[in-house]
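Undergrad: The following block contains the structure, expressed as structure tokens.
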Amino acid sequence: MQLQQLRYFTAVADTRHFTRAAEREHVAQPSLSQQIRSLERELGAELFHRARGHITLTDAGETLLPLARRILADAETARREVQEVAGLRRGRLRLGAPPSLCASLVPDVLRAFHTAYPGVDLLVTEDGSQDLVRALADGALDLALVITPLPLQAPALTTSDLLREELVVVSAPDRPAPAGRRARIRVEDLRGRPLAMFRRGYDLREFTTAACRAAGFEPAFTVEGGEMDAVLGFVRAGLGLAVVPSMVAERSGLRVTRFSTPGMHRVVSVAHRGDVSPPRAARELERILREHLAPDGP
């Protein structure tokens with residue numbers, strides 16, 4: 001019994017069609033049929049009821065199917081484990097992160113990862129947490145940095161807190177300080193103040209709006225719909241204030257005003273699917289992330 005035969009068998013069981021199964025497996029249909037016939041001879045039982053336009057599993061086929069899936073899954077696990085033991089000399093890592101982290105934390109961490117594992121291709125998806133959660137659930141990402149807590153309808157993911165990041169107000173350096181003579185600003189002080197606001201689906205938009213409503217008012221947007229770089233540009237042009245993470249603010253060249261105690265914060269977490277173990281490359285990236293954020297890190 002060969003793995004190839006089991007792959008062909010499960011493909012026919014999934015598609016209930018020999019031609020479509022052959023197309024899925026990128027093999028000629030006669031070759032696929034021959035391999036399945038050979039498997040049936042070896043097992044001494046027919047696996048499919050073959051009727052024109054209607055393929056169904058026999059009792060023997062129903063018995064074999066879960067076993068075949070398990071054997072193929074174990075073989076794939078073995079292949080991955082052996083490749084990982086080879087030291088991550090090659091491979092691919094798919095990371096998702098909000099734009100605010102792509103503009104601050106992610107570049108430094110990816111540089112450290114690439115230095116350690118130059119043969120691993122890095123694919124980065126920049127999006128809001130809700131979209132990243134969906135991408136994780138669909139298997140399109142290996143690892144994601146998301147803002148927690150996640151919405152109640154989020155699929156089964158495993159999350160682990162990474163950092164608690166302070167949010168601050170940024171303003172144009174050539175404009176009056178938003179807090180006046182005071183060193184810090186309150187959320188209530190944003191009432192009626194023009195805000196440069198991110199596009200819908202942006203975590204910071206939802207966070208800022210929720211904080212203003214909790215303080216009893218609706219935020220006033222002078223310009224909205226931008227990504228991180230665009231919003232910082234709007235602020236630099238004097239179009240309004242913006243609430244951004246402290247790591248972004250420190251690199252922006254804008255005036256930074258902190259919130260009064262208790263300040264505003266967000267929690268950044270590492271997330272991956274809960275039903276499968278993340279690949280070694282993802283585990284290594286998480287290790288580098290935590291080392292980078294450690295008190296004695298860079």
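Identifiers for the structure tokens are assigned positionally: chains receive A, B, ... in sequence, residues are indexed from 1 per chain, and ligands are indexed from 1 in the order shown.
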Assign secondary structure with DSSP using the backbone only, and return the residues of stretch 49-175 of chain A in helix (DSSP H, G or I) as a PyMOL selection string.

TA: chain A and resi 59-85+99-102+105-116+129-137

Undergrad: Applying 7 Å and only C-alpha atoms, which residues near A:Leu93 remain after dropping the ones on its own chain fewer than 5 positions away? List them as a ChimeraX atom specification.

TA: /A:120-123,142,281-282

Undergrad: Do you have the atom CA of A:Gly216-atom CA of A:Phe198 distance handy?

TA: 20.9 Å

Undergrad: Any idea what the distance is between atom CA of A:Leu150 and atom CA of A:Gln130?

TA: 7.9 Å

Undergrad: Considering only strand (DSSP E or B) as DSSP defines it on the backbone, what residues of stretch 122-161 of chain A qualify? List them as a PyMOL selection string.

TA: chain A and resi 122-126+143-148+157-161

Undergrad: Using only C-alpha atoms, which of the listed residues (A:Ala116, A:Ala144, A:Leu43, A:Cys212) sits closest to A:Leu95?

TA: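 Closest residue, counting only C-alpha atoms: A:Ala144.
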